[in-house]
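S.K.: Got entry_17.cif for you, mmCIF, C-alpha atoms:
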```cif
data_query
loop_
_atom_site.label_atom_id
_atom_site.label_comp_id
_atom_site.auth_asym_id
_atom_site.auth_seq_id
_atom_site.Cartn_x
_atom_site.Cartn_y
_atom_site.Cartn_z
CA MET A 1338 -0.24 37.88 41.19
CA ILE A 1339 -0.27 35.93 37.91
CA GLU A 1340 -1.95 36.79 34.62
CA ILE A 1341 -4.04 34.42 32.51
CA LYS A 1342 -3.64 35.43 28.86
CA ILE A 1343 -5.63 34.44 25.78
CA PRO A 1344 -3.76 31.65 23.92
CA THR A 1345 -3.62 31.48 20.15
CA PRO A 1346 -6.13 28.96 18.73
CA GLY A 1347 -4.24 28.69 15.47
CA GLU A 1348 -2.34 30.43 12.75
CA SER A 1349 -3.80 33.69 11.33
CA ILE A 1350 -6.27 34.07 14.26
CA THR A 1351 -5.79 37.43 16.00
CA GLU A 1352 -8.85 37.67 18.23
CA VAL A 1353 -11.35 35.43 19.98
CA GLU A 1354 -14.68 35.73 21.76
CA LEU A 1355 -14.91 34.98 25.48
CA THR A 1356 -18.16 33.02 25.51
CA SER A 1357 -18.51 32.13 29.20
CA TRP A 1358 -16.85 32.18 32.61
CA TYR A 1359 -17.02 28.99 34.65
CA VAL A 1360 -16.22 30.86 37.89
CA ALA A 1361 -17.45 34.07 39.51
CA ASP A 1362 -15.35 37.20 39.96
CA GLY A 1363 -13.54 37.09 43.30
CA SER A 1364 -14.01 33.37 43.82
CA LEU A 1365 -11.27 30.91 44.76
CA VAL A 1366 -9.95 28.60 42.06
CA ASP A 1367 -7.75 25.50 42.20
CA LYS A 1368 -4.66 24.79 40.18
CA ASP A 1369 -5.40 23.40 36.68
CA GLN A 1370 -9.11 24.25 37.08
CA GLU A 1371 -10.98 25.26 33.91
CA ILE A 1372 -12.15 28.83 34.41
CA ALA A 1373 -13.46 30.08 31.06
CA GLU A 1374 -14.28 29.19 27.47
CA ILE A 1375 -13.09 31.09 24.41
CA GLU A 1376 -14.21 30.65 20.83
CA SER A 1377 -12.64 31.61 17.53
CA ASP A 1378 -13.95 31.21 14.00
CA LYS A 1379 -12.22 27.81 13.85
CA ALA A 1380 -12.22 26.20 17.30
CA THR A 1381 -13.38 26.37 20.92
CA LEU A 1382 -10.82 26.31 23.74
CA THR A 1383 -10.82 26.58 27.53
CA LEU A 1384 -8.73 28.77 29.84
CA VAL A 1385 -7.03 27.03 32.74
CA ALA A 1386 -5.80 28.44 36.05
CA TYR A 1387 -2.07 27.76 36.28
CA GLU A 1388 -2.07 28.34 40.05
CA ALA A 1389 -4.62 28.31 42.86
CA GLY A 1390 -5.87 31.57 44.35
CA LYS A 1391 -8.44 34.35 44.14
CA ILE A 1392 -9.51 35.31 40.62
CA GLN A 1393 -10.20 38.80 39.30
CA ILE A 1394 -12.05 38.84 35.96
CA LEU A 1395 -11.04 41.56 33.51
CA VAL A 1396 -13.14 40.61 30.46
CA ASN A 1397 -16.91 40.29 30.26
CA GLU A 1398 -18.75 37.38 28.67
CA GLY A 1399 -19.42 37.98 24.98
CA ASP A 1400 -16.52 40.42 24.58
CA THR A 1401 -14.05 40.07 21.71
CA ILE A 1402 -10.46 40.13 22.92
CA ALA A 1403 -7.12 40.03 21.13
CA VAL A 1404 -4.87 36.96 21.35
CA GLY A 1405 -2.26 37.50 24.07
CA SER A 1406 -4.42 39.90 26.11
CA VAL A 1407 -4.99 39.35 29.84
CA ALA A 1408 -8.38 37.80 30.58
CA CYS A 1409 -8.01 37.66 34.38
CA THR A 1410 -5.53 37.68 37.23
CA ILE A 1411 -5.10 35.24 40.12
CA ASP A 1412 -3.82 36.27 43.56
CA THR A 1413 -1.92 33.18 44.68
CA GLN A 1414 -1.37 34.47 48.25
CA ILE A 1415 -4.99 33.92 49.22
CA LYS A 1416 -5.04 30.21 48.48
CA SER A 1417 -3.55 29.09 51.84
CA GLU A 1418 -6.01 31.14 53.85
CA ALA A 1419 -8.84 29.87 51.73
CA LYS A 1420 -7.76 26.28 52.20
CA SER A 1421 -7.61 26.66 55.99
CA ASP A 1422 -11.05 28.25 56.07
CA SER A 1423 -12.46 25.59 53.82
CA GLY A 1424 -10.86 22.95 56.02
CA LYS A 1425 -12.56 24.38 59.10
CA SER A 1426 -15.91 24.51 57.38
CA THR A 1427 -15.43 21.00 56.13
CA ARG A 1428 -14.66 19.77 59.64
CA LYS A 1429 -17.73 21.52 60.98
CA GLU A 1430 -19.86 19.87 58.33
CA ASP A 1431 -18.31 16.51 59.13
CA ASP A 1432 -19.04 17.02 62.84
CA LYS A 1433 -22.62 17.81 62.01
CA LYS A 1434 -22.84 14.68 59.92
CA LYS A 1435 -21.48 12.59 62.78
CA GLU A 1436 -24.12 13.87 65.23
CA PRO A 1437 -27.09 11.49 65.19
CA GLU A 1438 -30.22 13.15 63.94
CA GLN A 1439 -32.88 13.50 66.61
CA PRO A 1440 -36.20 12.15 65.41
CA ASP A 1441 -39.04 14.67 65.36
CA PHE A 1442 -41.94 13.22 67.27
CA SER A 1443 -43.99 16.41 67.30
CA GLN A 1444 -45.91 15.59 64.13
CA GLU A 1445 -46.45 12.02 65.26
CA GLN A 1446 -47.79 13.21 68.63
CA GLU A 1447 -50.11 15.67 66.91
CA ASP A 1448 -51.43 12.89 64.72
CA LYS A 1449 -52.04 10.67 67.75
CA THR A 1450 -53.77 13.33 69.85
CA GLU A 1451 -55.89 14.75 67.04
CA PRO A 1452 -59.59 14.18 67.79
CA ALA A 1453 -61.38 11.68 65.64
CA SER A 1454 -64.10 14.20 64.89
CA GLN A 1455 -61.51 16.65 63.50
CA LYS A 1456 -60.12 13.97 61.19
CA GLU A 1457 -63.57 13.20 59.91
CA THR A 1458 -64.43 16.81 59.13
CA THR A 1459 -61.09 17.62 57.49
CA SER A 1460 -61.64 17.59 53.75
CA SER A 1461 -60.22 18.92 50.52
CA TYR A 1462 -63.78 19.86 49.54
CA ASP A 1463 -64.14 22.78 51.94
CA ASN A 1464 -66.62 24.55 49.65
CA ILE A 1465 -69.13 21.68 49.78
CA LYS A 1466 -72.28 22.63 51.70
CA VAL A 1467 -73.44 19.89 54.11
CA THR A 1468 -76.85 19.99 55.82
CA PRO A 1469 -77.09 19.44 59.60
CA MET A 1470 -78.89 16.12 59.13
CA ALA A 1471 -76.21 14.96 56.67
CA LYS A 1472 -73.46 15.99 59.12
CA LYS A 1473 -75.15 13.97 61.87
CA LEU A 1474 -75.46 10.91 59.65
CA MET A 1475 -71.83 11.25 58.48
CA LYS A 1476 -70.65 11.47 62.08
CA GLU A 1477 -72.63 8.37 63.10
CA LYS A 1478 -71.33 6.36 60.15
CA LYS A 1479 -67.83 7.91 60.41
CA ILE A 1480 -67.79 8.92 56.75
CA SER A 1481 -65.91 11.96 55.44
CA VAL A 1482 -66.88 14.30 52.60
CA ASP A 1483 -63.98 12.96 50.52
CA GLU A 1484 -65.28 9.42 50.80
CA ILE A 1485 -68.76 10.50 49.76
CA ILE A 1486 -67.49 12.41 46.72
CA GLU A 1487 -65.28 9.50 45.71
CA GLY A 1488 -68.20 7.10 46.16
CA LEU A 1489 -70.42 8.92 43.67
CA LYS A 1490 -70.44 6.75 40.59
CA ARG A 1491 -73.17 8.54 38.67
CA LEU A 1492 -74.51 12.08 38.36
CA SER A 1493 -78.06 12.79 37.19
CA THR A 1494 -79.51 15.99 35.74
CA LYS A 1495 -80.90 16.75 39.19
CA GLU A 1496 -77.44 17.06 40.70
CA VAL A 1497 -76.18 19.09 37.72
CA ARG A 1498 -79.06 21.60 37.93
CA ALA A 1499 -78.61 21.85 41.69
CA ALA A 1500 -74.92 22.62 41.20
CA MET A 1501 -75.65 25.24 38.51
CA GLU A 1502 -77.89 27.14 40.93
CA VAL A 1503 -75.28 27.45 43.66
CA LEU A 1504 -72.10 27.76 41.56
CA PRO A 1505 -70.90 31.26 40.65
CA LYS A 1506 -71.35 32.17 36.99
CA GLY A 1507 -68.32 32.60 34.70
CA PRO A 1508 -64.89 31.01 34.34
CA THR A 1509 -64.12 31.33 38.08
CA SER A 1510 -66.25 28.30 38.91
CA PRO A 1511 -64.29 25.96 41.21
CA LEU A 1512 -65.36 22.94 39.14
CA LEU A 1513 -64.27 24.48 35.81
CA PRO A 1514 -60.63 24.69 34.74
CA ALA A 1515 -59.25 28.21 34.89
CA THR A 1516 -58.29 29.74 31.59
CA THR A 1517 -54.50 29.86 31.25
CA PRO A 1518 -53.43 33.43 30.48
CA LYS A 1519 -51.56 33.78 27.19
CA SER A 1520 -47.93 34.67 27.63
CA PRO A 1521 -46.88 37.99 26.06
CA ARG A 1522 -45.45 37.82 22.55
CA LYS A 1523 -41.71 38.52 22.41
CA LEU A 1524 -38.60 37.95 20.32
CA ASP A 1525 -35.54 36.33 21.86
CA HIS A 1526 -32.31 37.85 20.54
CA LYS A 1527 -29.08 35.85 20.84
CA LYS A 1528 -25.75 36.94 19.42
CA MET A 1529 -24.15 34.58 16.90
CA SER A 1530 -20.85 33.14 18.05
CA SER A 1531 -17.76 33.68 15.94
CA LEU A 1532 -17.70 29.95 15.17
CA ARG A 1533 -21.29 30.06 13.88
CA ARG A 1534 -20.58 33.21 11.84
CA LYS A 1535 -17.58 31.57 10.19
CA LEU A 1536 -19.59 28.40 9.52
CA SER A 1537 -22.38 30.44 7.92
CA ALA A 1538 -19.95 32.21 5.63
CA ARG A 1539 -18.34 28.91 4.58
CA LEU A 1540 -21.69 27.29 3.80
CA VAL A 1541 -22.74 30.20 1.60
CA SER A 1542 -19.39 30.20 -0.22
CA VAL A 1543 -19.73 26.45 -0.92
CA LYS A 1544 -23.08 26.99 -2.63
CA ASN A 1545 -21.73 29.92 -4.64
CA GLU A 1546 -18.28 28.61 -5.58
CA THR A 1547 -18.86 24.91 -6.35
CA ALA A 1548 -20.93 22.99 -8.88
CA MET A 1549 -22.47 20.76 -6.23
CA LEU A 1550 -24.65 17.78 -7.18
CA THR A 1551 -25.93 14.80 -5.18
CA THR A 1552 -26.36 11.18 -6.25
CA PHE A 1553 -28.10 8.45 -4.25
CA ASN A 1554 -28.12 4.71 -3.70
CA GLU A 1555 -29.43 2.23 -1.14
CA VAL A 1556 -27.59 -0.35 0.93
CA ASP A 1557 -28.76 -3.61 2.45
CA MET A 1558 -27.39 -3.54 6.00
CA SER A 1559 -28.15 -7.21 6.79
CA GLN A 1560 -24.56 -8.52 6.68
CA VAL A 1561 -23.10 -5.70 8.77
CA MET A 1562 -25.88 -5.97 11.35
CA GLN A 1563 -25.40 -9.72 11.63
CA LEU A 1564 -21.65 -9.27 12.14
CA ARG A 1565 -22.25 -6.71 14.89
CA LYS A 1566 -24.82 -8.89 16.62
CA LYS A 1567 -22.67 -12.01 16.43
CA TYR A 1568 -19.34 -10.53 17.54
CA GLN A 1569 -20.29 -7.43 19.57
CA LYS A 1570 -19.62 -9.05 22.94
CA GLN A 1571 -16.22 -10.43 21.89
CA PHE A 1572 -15.33 -7.13 20.26
CA ILE A 1573 -16.05 -5.21 23.47
CA GLU A 1574 -14.13 -7.69 25.63
CA LYS A 1575 -11.03 -7.49 23.42
CA HIS A 1576 -10.99 -3.85 22.34
CA GLY A 1577 -12.94 -2.16 25.13
CA ILE A 1578 -15.28 -0.33 22.75
CA LYS A 1579 -18.50 -1.04 20.86
CA LEU A 1580 -18.49 -1.87 17.16
CA GLY A 1581 -20.55 0.72 15.29
CA PHE A 1582 -21.64 1.32 11.71
CA MET A 1583 -19.31 4.29 11.17
CA SER A 1584 -16.16 2.15 11.15
CA PHE A 1585 -17.59 -0.05 8.37
CA PHE A 1586 -18.47 2.98 6.24
CA THR A 1587 -15.10 4.64 6.92
CA LYS A 1588 -13.29 1.50 5.81
CA ALA A 1589 -15.55 1.15 2.77
CA VAL A 1590 -14.87 4.78 1.80
CA THR A 1591 -11.10 4.32 1.95
CA GLN A 1592 -11.36 1.19 -0.21
CA ALA A 1593 -13.69 2.85 -2.73
CA ILE A 1594 -11.32 5.82 -3.01
CA LYS A 1595 -8.68 3.47 -4.43
CA HIS A 1596 -11.01 2.79 -7.37
CA HIS A 1597 -12.14 6.42 -7.76
CA PRO A 1598 -9.28 8.66 -6.53
CA MET A 1599 -10.84 11.86 -7.90
CA VAL A 1600 -13.41 11.66 -5.10
CA ASN A 1601 -10.48 12.29 -2.74
CA SER A 1602 -9.17 15.28 -4.71
CA PHE A 1603 -9.44 19.08 -4.44
CA ILE A 1604 -8.74 22.12 -6.60
CA ASP A 1605 -5.70 24.30 -5.95
CA GLN A 1606 -5.87 27.31 -8.31
CA ASP A 1607 -5.71 25.65 -11.76
CA GLU A 1608 -4.61 22.19 -10.61
CA PHE A 1609 -6.30 19.01 -9.38
CA VAL A 1610 -4.54 17.74 -6.25
CA THR A 1611 -5.02 14.06 -5.36
CA PRO A 1612 -3.48 12.80 -2.07
CA ASN A 1613 -2.31 9.18 -1.89
CA TYR A 1614 -3.78 8.94 1.63
CA ALA A 1615 -7.29 9.24 3.06
CA ASP A 1616 -7.82 11.57 6.01
CA ILE A 1617 -11.51 11.05 6.76
CA GLY A 1618 -13.48 13.73 8.59
CA ILE A 1619 -16.39 12.49 10.69
CA ALA A 1620 -19.15 15.03 11.44
CA VAL A 1621 -19.93 15.10 15.18
CA GLN A 1622 -22.78 17.02 16.81
CA THR A 1623 -21.60 19.01 19.86
CA PRO A 1624 -23.21 21.59 22.17
CA LYS A 1625 -21.41 24.25 20.12
CA GLY A 1626 -22.68 22.93 16.78
CA LEU A 1627 -21.34 20.58 14.14
CA MET A 1628 -17.61 19.79 14.29
CA VAL A 1629 -15.60 17.55 11.96
CA PRO A 1630 -12.60 15.84 13.61
CA VAL A 1631 -10.29 14.06 11.18
CA ILE A 1632 -9.07 10.45 11.34
CA ARG A 1633 -5.60 10.50 9.77
CA ASP A 1634 -4.42 7.72 7.40
CA ALA A 1635 -7.73 5.89 7.74
CA GLU A 1636 -6.86 3.67 4.77
CA VAL A 1637 -4.30 1.74 6.86
CA LEU A 1638 -6.41 1.46 10.04
CA SER A 1639 -8.40 -1.59 11.11
CA LEU A 1640 -12.01 -1.42 12.25
CA PRO A 1641 -11.04 -1.43 15.98
CA ASP A 1642 -8.50 1.35 15.39
CA ILE A 1643 -11.08 3.46 13.58
CA GLU A 1644 -13.61 2.99 16.40
CA LYS A 1645 -11.06 3.97 19.05
CA LYS A 1646 -9.86 7.06 17.20
CA LEU A 1647 -13.41 8.12 16.48
CA MET A 1648 -14.45 7.77 20.13
CA HIS A 1649 -11.38 9.71 21.28
CA LEU A 1650 -11.92 12.59 18.84
CA ALA A 1651 -15.70 12.75 19.32
CA THR A 1652 -15.30 12.93 23.11
CA LYS A 1653 -12.78 15.77 22.81
CA ALA A 1654 -15.06 17.62 20.40
CA ARG A 1655 -18.10 17.36 22.70
CA ASP A 1656 -16.02 18.45 25.70
CA GLY A 1657 -14.65 21.44 23.78
CA LYS A 1658 -11.07 20.21 24.10
CA ILE A 1659 -10.34 19.35 20.48
CA SER A 1660 -7.46 21.20 18.83
CA LEU A 1661 -7.46 23.00 15.51
CA ASP A 1662 -4.99 20.50 14.04
CA GLU A 1663 -7.42 17.66 14.78
CA MET A 1664 -10.12 19.32 12.67
CA THR A 1665 -8.15 20.46 9.63
CA GLY A 1666 -6.63 18.74 6.62
CA GLY A 1667 -9.36 16.19 5.87
CA THR A 1668 -9.65 14.86 2.31
CA PHE A 1669 -13.18 13.39 2.55
CA THR A 1670 -16.08 13.70 5.03
CA ILE A 1671 -18.80 11.36 6.30
CA THR A 1672 -21.92 12.65 8.04
CA ASN A 1673 -24.61 10.50 9.65
CA GLY A 1674 -28.03 12.13 9.76
CA GLY A 1675 -29.57 8.76 10.52
CA VAL A 1676 -28.89 9.16 14.23
CA PHE A 1677 -31.47 11.98 14.20
CA GLY A 1678 -33.97 10.00 12.12
CA SER A 1679 -33.15 11.42 8.68
CA MET A 1680 -34.40 9.24 5.81
CA LEU A 1681 -32.74 11.18 2.98
CA SER A 1682 -30.70 14.36 2.61
CA THR A 1683 -28.25 16.22 0.38
CA PRO A 1684 -25.18 16.87 2.58
CA ILE A 1685 -23.21 20.03 1.84
CA LEU A 1686 -19.51 19.97 0.95
CA ASN A 1687 -16.78 20.67 3.47
CA PRO A 1688 -14.31 22.84 1.49
CA PRO A 1689 -11.79 22.40 0.02
CA GLN A 1690 -12.91 18.77 -0.21
CA SER A 1691 -14.77 17.71 -3.33
CA ALA A 1692 -17.16 15.10 -1.87
CA ILE A 1693 -19.09 14.13 1.26
CA LEU A 1694 -20.99 10.92 2.06
CA GLY A 1695 -24.33 11.10 3.86
CA MET A 1696 -25.62 8.15 5.89
CA HIS A 1697 -29.27 7.88 6.95
CA ASN A 1698 -31.53 5.85 9.19
CA ILE A 1699 -32.03 2.12 8.74
CA ILE A 1700 -35.60 1.08 7.93
CA ASP A 1701 -37.02 -2.38 7.27
CA ARG A 1702 -38.36 -2.28 3.69
CA PRO A 1703 -39.58 -4.90 1.19
CA VAL A 1704 -36.94 -5.58 -1.48
CA ALA A 1705 -36.67 -8.08 -4.31
CA ILE A 1706 -34.10 -10.82 -3.52
CA THR A 1707 -33.67 -13.59 -6.12
CA ASP A 1708 -37.23 -13.34 -7.43
CA LYS A 1709 -38.69 -13.11 -3.93
CA VAL A 1710 -39.83 -10.15 -1.84
CA GLU A 1711 -38.07 -10.02 1.52
CA ILE A 1712 -37.99 -7.52 4.38
CA ARG A 1713 -34.45 -6.17 4.73
CA PRO A 1714 -32.87 -3.39 6.82
CA MET A 1715 -32.16 -0.75 4.17
CA MET A 1716 -30.29 2.54 4.30
CA TYR A 1717 -30.24 5.33 1.72
CA ILE A 1718 -26.79 6.82 1.15
CA ALA A 1719 -26.04 10.09 -0.63
CA LEU A 1720 -22.88 11.48 -2.18
CA SER A 1721 -22.68 15.24 -2.70
CA TYR A 1722 -19.78 16.17 -4.97
CA ASP A 1723 -18.20 19.04 -6.87
CA HIS A 1724 -18.96 18.39 -10.54
CA ARG A 1725 -15.95 20.51 -11.55
CA ILE A 1726 -13.70 17.71 -10.27
CA ILE A 1727 -15.81 14.56 -10.18
CA ASP A 1728 -17.68 13.24 -13.20
CA GLY A 1729 -20.94 11.37 -12.98
CA LYS A 1730 -19.22 8.06 -13.71
CA ASP A 1731 -16.91 8.43 -10.69
CA SER A 1732 -19.65 9.65 -8.35
CA VAL A 1733 -22.05 6.82 -9.20
CA GLY A 1734 -19.27 4.21 -9.32
CA PHE A 1735 -17.98 5.36 -5.93
CA LEU A 1736 -21.41 4.88 -4.31
CA VAL A 1737 -21.81 1.49 -5.97
CA LYS A 1738 -18.45 0.39 -4.53
CA ILE A 1739 -19.50 1.44 -1.05
CA LYS A 1740 -22.76 -0.49 -1.50
CA GLU A 1741 -20.80 -3.59 -2.53
CA PHE A 1742 -18.40 -3.36 0.41
CA ILE A 1743 -21.16 -2.85 3.00
CA GLU A 1744 -23.37 -5.62 1.62
CA ASN A 1745 -20.37 -7.97 1.57
CA PRO A 1746 -18.06 -6.72 4.39
CA HIS A 1747 -15.52 -9.53 3.92
CA SER A 1748 -14.71 -8.18 0.46
CA MET A 1749 -13.02 -5.20 2.14
CA LEU A 1750 -10.23 -7.58 3.22
CA PHE A 1751 -9.41 -8.40 -0.40
CA ASP A 1752 -10.70 -5.18 -1.98
CA VAL A 1753 -12.59 -7.29 -4.54
CA GLN A 1754 -16.11 -8.61 -4.91
CA ASN A 1755 -15.22 -12.12 -3.78
CA PRO A 1756 -12.15 -14.30 -3.15
CA ASP A 1757 -12.63 -15.96 -6.57
CA ASP A 1758 -11.73 -12.65 -8.23
CA LEU A 1759 -8.49 -12.55 -6.24
CA LEU A 1760 -7.66 -16.13 -7.16
CA LEU A 1761 -8.33 -15.60 -10.85
CA GLU A 1762 -6.78 -12.11 -10.87
CA LEU A 1763 -9.97 -10.67 -12.28
#
```
Could you write out this file's structure as structure tokens?
M.R.:
Amino acid sequence: MIEIKIPTPGESITEVELTSWYVADGSLVDKDQEIAEIESDKATLTLVAYEAGKIQILVNEGDTIAVGSVACTIDTQIKSEAKSDSGKSTRKEDDKKKEPEQPDFSQEQEDKTEPASQKETTSSYDNIKVTPMAKKLMKEKKISVDEIIEGLKRLSTKEVRAAMEVLPKGPTSPLLPATTPKSPRKLDHKKMSSLRRKLSARLVSVKNETAMLTTFNEVDMSQVMQLRKKYQKQFIEKHGIKLGFMSFFTKAVTQAIKHHPMVNSFIDQDEFVTPNYADIGIAVQTPKGLMVPVIRDAEVLSLPDIEKKLMHLATKARDGKISLDEMTGGTFTITNGGVFGSMLSTPILNPPQSAILGMHNIIDRPVAITDKVEIRPMMYIALSYDHRIIDGKDSVGFLVKIKEFIENPHSMLFDVQNPDDLLLEL
């Protein structure tokens, strides 16, 4: 008999909530099979069966349990017997599969021997009254009631009045749709998870403890979209992953931070702390809510490296397998509401960070280009920032830099507006 204990999700966490069991009490589990999900105020983890056997559940779903406590036990002596039984059942199922299925001719024979007159009188309009003379004519012409009803192309007032005389009064008329009964009014109560409770508390504290403002700009996405369209196939063949917009914006953010380092700073008591690296958090929507995995040292990564790391972390987050270390320590965050159709928003800060960039959907809009009006794919971008750390000049200048890098992606290679600036050391 082995015990499955609650692991520690991270430092300073003493208890977790057991959100769901993947297996039933008394069922047989395999080695390394995921059996349950636990959730703390910082991360979601899964419990794994270290050995195969019969499980006995000791904690109910929704219960709060201390770290290190026993969640269930597994009787490893039952696994061999279970395997032999399952093997027998599997063989029996295989034998059944090997036996050729015998075709059922009973229905076919019934169809063949059914009298023609019975076929003609069978109808989905059983409540239609047919006179004896009409029945005789229908039998001679071999016409069914269905065919007659379907052949009626026009109804006159005569037919309507005749129907009103014979139809029962009220909503029970067979030709009138029945009134759908209204479902009873009720309230659905669902307990907040510890992760959602912690998130709620953090969001409220951000509003209360920071001087948060938001500034906006717009970006012409033409150049980036042309690059993706032109090189997407080659990019996939070489790197095994699609080229998305997020890698361009992540790279642009790391380059813009070099010009406005305060955007990458945070407050520690009475000090401003400014890292010389950029650990970029990317907001990812998961079944458990919004999670923000962090891409470390993004300033030294190439576009393919950013795409690969983002895919890896996003997949782990959606599968509930991401660790606490992979979601902590970010210096700046990017969130993309455009994937849900958002045109404009004011993203909220992710403490202790001082700024967050919001991306939005791309819409073709008329814009003025060299004295002409052209239709361009435009995106609004928003920067929410803590005004205690970041001044208006840095916040606006930071967004302008991102706009310049996205509208001229090649400039990110030189970190200047154009190669002429590099040549002339401007």
S.K.: Counting only C-alpha atoms, figure out which residue out of A:Ile1485, A:Ile1619, A:Leu1536, A:Ile1375 gets nearest to Glu1352 (chain A).
M.R.: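 Closest to Glu1352 (chain A), using only C-alpha atoms: A:Ile1375.
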S.K.: Please measure the separation of CA of Thr1707 (chain A) and CA of Asp1557 (chain A), giving the value in Å to one decimal.
M.R.: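 These atoms are spaced 14.0 Å apart.
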S.K.: Once the PyMOL selection byres ((chain A and resi 1717) around 8) is applied to the coordinates I shared, what remains selected? I want it as a list in words.
M.R.: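 With the PyMOL selection byres ((chain A and resi 1717) around 8) on this model, the match is Phe1553, Asn1554, Glu1555, Val1556, Met1680, Leu1681, Met1696, His1697, Asn1698, Ile1699, Met1715, Met1716, Ile1718 and Ala1719 of chain A.
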S.K.: What does the distance from CA of Asp1525 (chain A) to CA of Gly1399 (chain A) come to in Å, to one decimal?
M.R.: 16.5 Å
S.K.: Taking only C-alpha atoms into account, name the residue in A:Ser1357, A:Asn1687, A:Asn1745, A:Ser1537 that is nearest to Leu1384 (chain A).
M.R.: A:Ser1357
S.K.: Extract, using all atoms listed in the file, all DNA, RNA and protein residues at most 7 Å from Val1407 (chain A), discarding same-chain residues fewer than 2 positions from it, and format them as a list in words.
M.R.: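 After dropping sequence-adjacent residues, the list is Glu1340, Ile1341, Lys1342, Ile1343, Gly1405 and Cys1409 of chain A.
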S.K.: Going by the chain IDs and residue numbers used in this file, which residues fall under the PyMOL selection byres ((chain A and resi 1614) around 7)? Write them as an MDAnalysis selection string.
M.R.: chainID A and resid 1612:1613 1615:1616 1634 1636
S.K.: Residues as selected, C-alpha atoms, written as an mmCIF file, in the frame of the given file, can you do that?
M.R.:
```
data_model
loop_
_atom_site.group_PDB
_atom_site.id
_atom_site.type_symbol
_atom_site.label_atom_id
_atom_site.label_comp_id
_atom_site.auth_asym_id
_atom_site.auth_seq_id
_atom_site.Cartn_x
_atom_site.Cartn_y
_atom_site.Cartn_z
ATOM 1 C CA PRO A 1612 -3.480 12.800 -2.070
ATOM 2 C CA ASN A 1613 -2.310 9.180 -1.890
ATOM 3 C CA ALA A 1615 -7.290 9.240 3.060
ATOM 4 C CA ASP A 1616 -7.820 11.570 6.010
ATOM 5 C CA ASP A 1634 -4.420 7.720 7.400
ATOM 6 C CA GLU A 1636 -6.860 3.670 4.770
#
```
S.K.: Between CA of Phe1677 (chain A) and CA of Gly1626 (chain A), what is the distance in Å, rounded to a tenth?
M.R.: 14.3 Å
S.K.: Here is a test: counting only C-alpha atoms, which residue of A:Phe1603, A:Pro1344, A:Thr1351, A:Ser1520 is nearest to Val1385 (chain A)?
M.R.: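 Of the candidates, the smallest distance to Val1385 (chain A) is held by A:Pro1344.
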S.K.: With the PyMOL selection byres ((chain A and resi 1391) around 7) as the selection, what would be picked from this file? Answer as a list in words, please.
M.R.: Gly1363, Ser1364, Leu1365, Val1366, Gly1390, Ile1392, Gln1393, Ile1411, Asp1412, Thr1413, Ile1415 and Lys1416 of chain A
S.K.: Compile the contact shell of Leu1640 (chain A) as a PyMOL selection string: residues with an atom at most 10 Å away, counting all atoms listed in the file, same-chain residues fewer than 6 positions apart removed.
M.R.: chain A and resi 1580-1581+1583-1588
S.K.: Contacts of Tyr1387 (chain A) at 9 Å or less, counting all atoms listed in the file, minus same-chain residues fewer than 6 places along, as an MDAnalysis selection string?
M.R.: chainID A and resid 1339 1341 1367:1370 1411
S.K.: With distances taken over all atoms listed in the file, which residue among A:Leu1627, A:Val1482, A:Met1549, A:Ile1594 lies nearest Gly1734 (chain A)?
M.R.: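 Answer, going by the shortest atom-to-atom distance: A:Ile1594.
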S.K.: Contacts of Ile1727 (chain A) at 9 Å or less, counting only C-alpha atoms, minus same-chain residues fewer than 4 places along, as a PyMOL selection string?
M.R.: chain A and resi 1599-1600+1602+1691-1692+1722-1723+1731-1732
